[in-house]
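Inspection log for the structure reproduced underneath, given as structure tokens.
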Amino acid sequence: MERFSFVVGVIGIGAFLLAIPMAVVANILTPKIAAWWATTSHIRRQKRIAYLELQLRQLDCRMLLSVRHERMLRGFRYIAIAGALMIYFLLIPITQLIIIHDHLHSLSQGITIPRPPLSPRSSRVYALEFICLTLGVVIQFLCSRAFKEFHYASKVYLANLYVRRKAELAELTGDWT
């Protein structure tokens, strides 16, 4: 049993360490494998051509200024929500500093109140730490969503994606115009 748990532990650690490199390799190789797979059969080639034409039509729609503005506004909305949460995120430590200051002031006047290890005050501190952690994660999530929206609204990103899809379609159809 001990040997089994050691093997499972080694496999778990190995999987944990290899998860990110495997995800990067998968993201790099997936388009190349999809393009190669389409060349192995006439039916798959036709399906891939139809899929690429659909993506090109969608990219033409996304290149319109109104769609790009909508994505930018969505990104700004995420930034605004993250900014509002950041205010709360910063107010919690400030209130804790005020509480600590009051406690230190009472100690300097010689007033000491013995507290049990798990007083309601310490549970409040744990609750505030949990709220700070949760707000930090939410702020990070909203900022990442905003940056993703900005990236997708970028004309350079859309143009690069359009050129890559057009080149793959030209390679599959044999039309290099």
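Lettering and numbering for the structure tokens are positional, with chains as A, B, ... in the shown order, residues counted from 1 in each chain, and ligands counted from 1 in the shown order.
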
| Within 12 Å of Ala35 in chain A, counting only C-alpha atoms, which residues qualify if same-chain residues fewer than 5 places away don't, as JSON, numbers by chain? | {"A": [29, 30, 40, 41, 44, 45, 46, 47, 48, 49, 51, 52, 164, 165, 167, 168, 169, 170, 171, 172]}

Resulting file, chosen residues, N, CA and C atoms, as a compact mmCIF listing (two decimals), in the first residue's frame:
```
# COMPACT_ATOMS: atom_id res chain seq x y z
N LEU A 29 0.00 23.32 -31.27
CA LEU A 29 -0.13 22.26 -32.28
C LEU A 29 -1.54 22.05 -32.79
N THR A 30 -2.56 22.46 -32.08
CA THR A 30 -3.93 22.19 -32.50
C THR A 30 -4.26 22.74 -33.88
N THR A 40 -5.99 14.99 -45.29
CA THR A 40 -5.93 13.54 -45.41
C THR A 40 -7.16 12.93 -46.06
N SER A 41 -8.24 13.70 -46.22
CA SER A 41 -9.45 13.16 -46.81
C SER A 41 -10.20 14.27 -47.53
N ARG A 44 -13.08 15.58 -45.25
CA ARG A 44 -12.57 16.45 -44.19
C ARG A 44 -12.10 17.78 -44.77
N ARG A 45 -11.54 17.75 -45.95
CA ARG A 45 -11.11 18.98 -46.61
C ARG A 45 -12.31 19.89 -46.86
N GLN A 46 -13.41 19.32 -47.36
CA GLN A 46 -14.60 20.12 -47.62
C GLN A 46 -15.18 20.70 -46.33
N LYS A 47 -15.18 19.90 -45.26
CA LYS A 47 -15.68 20.39 -43.97
C LYS A 47 -14.80 21.52 -43.45
N ARG A 48 -13.49 21.37 -43.57
CA ARG A 48 -12.57 22.40 -43.10
C ARG A 48 -12.71 23.68 -43.92
N ILE A 49 -12.90 23.54 -45.22
CA ILE A 49 -13.10 24.71 -46.08
C ILE A 49 -14.38 25.44 -45.68
N TYR A 51 -15.79 25.38 -42.75
CA TYR A 51 -15.54 25.97 -41.44
C TYR A 51 -14.72 27.25 -41.57
N LEU A 52 -13.68 27.22 -42.41
CA LEU A 52 -12.85 28.42 -42.59
C LEU A 52 -13.63 29.55 -43.25
N ARG A 164 -4.37 34.60 -41.35
CA ARG A 164 -4.06 33.18 -41.14
C ARG A 164 -5.15 32.27 -41.69
N ARG A 165 -6.42 32.63 -41.43
CA ARG A 165 -7.53 31.81 -41.94
C ARG A 165 -7.58 31.86 -43.46
N ALA A 167 -5.04 32.35 -45.51
CA ALA A 167 -3.92 31.58 -46.03
C ALA A 167 -4.20 30.08 -45.95
N GLU A 168 -4.80 29.63 -44.85
CA GLU A 168 -5.12 28.21 -44.74
C GLU A 168 -6.19 27.81 -45.75
N LEU A 169 -7.16 28.69 -45.95
CA LEU A 169 -8.20 28.41 -46.95
C LEU A 169 -7.59 28.36 -48.35
N ALA A 170 -6.68 29.26 -48.65
CA ALA A 170 -6.03 29.26 -49.96
C ALA A 170 -5.19 28.00 -50.15
N GLU A 171 -4.54 27.54 -49.09
CA GLU A 171 -3.75 26.32 -49.18
C GLU A 171 -4.64 25.10 -49.43
N LEU A 172 -5.78 25.07 -48.78
CA LEU A 172 -6.68 23.92 -48.95
C LEU A 172 -7.35 23.91 -50.32
```

| task | Write out as a VMD selection string which residues come within 6 Å of range 63-75 of chain A when counting only C-alpha atoms, dropping same-chain ones fewer than 4 positions away. | result | chain A and resid 146 149 to 150 153

Could you write out that same residue set with C-alpha atoms as a PDB file, in the first residue's frame?
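Just written: out-v4.pdb:
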```
ATOM      1  CA  ALA A 146     -11.311  43.129 -19.656  1.00  0.00           C
ATOM      2  CA  GLU A 149     -12.075  41.894 -24.538  1.00  0.00           C
ATOM      3  CA  PHE A 150      -9.530  44.573 -25.459  1.00  0.00           C
ATOM      4  CA  ALA A 153     -11.392  44.103 -30.160  1.00  0.00           C
TER       5      ALA A 153
END
```

Enumerate, in order of chain and increasing residue number, the residues of range 35-107 of chain A with an atom no farther than 7 Å from range 133-142 of chain A, each with its shortest atom pair and distance in Å to one decimal, counting only C-alpha atoms, as a Markdown table.
```
| residue | atom | partner | partner_atom | distance |
| --- | --- | --- | --- | --- |
| A:Tyr78 | CA | A:Leu142 | CA | 5.5 |
| A:Ile79 | CA | A:Leu142 | CA | 6.9 |
| A:Ala82 | CA | A:Ile139 | CA | 5.0 |
| A:Leu85 | CA | A:Ile139 | CA | 6.7 |
| A:Phe89 | CA | A:Leu135 | CA | 6.3 |
```

Take the selection from the previous step and output its residues with N, CA and C atoms, as a CSV table (one decimal), in the first residue's frame.
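Everything below was put into result-v1.csv:
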```csv
chain,number,residue,atom,x,y,z
A,78,TYR,N,-15.8,46.0,-17.4
A,78,TYR,CA,-15.1,45.1,-16.5
A,78,TYR,C,-14.1,45.9,-15.7
A,79,ILE,N,-13.4,46.8,-16.3
A,79,ILE,CA,-12.4,47.6,-15.6
A,79,ILE,C,-13.1,48.5,-14.5
A,82,ALA,N,-14.0,46.3,-11.6
A,82,ALA,CA,-12.8,45.9,-10.9
A,82,ALA,C,-12.4,47.1,-10.0
A,85,LEU,N,-14.5,47.4,-7.0
A,85,LEU,CA,-14.2,46.4,-6.0
A,85,LEU,C,-12.8,46.7,-5.3
A,89,PHE,N,-11.6,46.7,-1.5
A,89,PHE,CA,-10.4,45.9,-1.2
A,89,PHE,C,-9.4,46.7,-0.4
```

| query | CA of Gln55 in chain A and CA of Tyr162 in chain A, how far apart in Å? | reply | 8.5 Å

| When you draw a straight line from CA of Ile81 in chain A to CA of Cys132 in chain A, how long is it in Å? |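 Taking CA of Ile81 in chain A as the start and CA of Cys132 in chain A as the end point, the length is 15.7 Å.
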
| message | Residues within 9 Å of Leu59 in chain A, please, as a PyMOL selection string. Count only C-alpha atoms; anything in the same chain fewer than 6 positions from it doesn't count. | response | chain A and resi 158-159+161-162
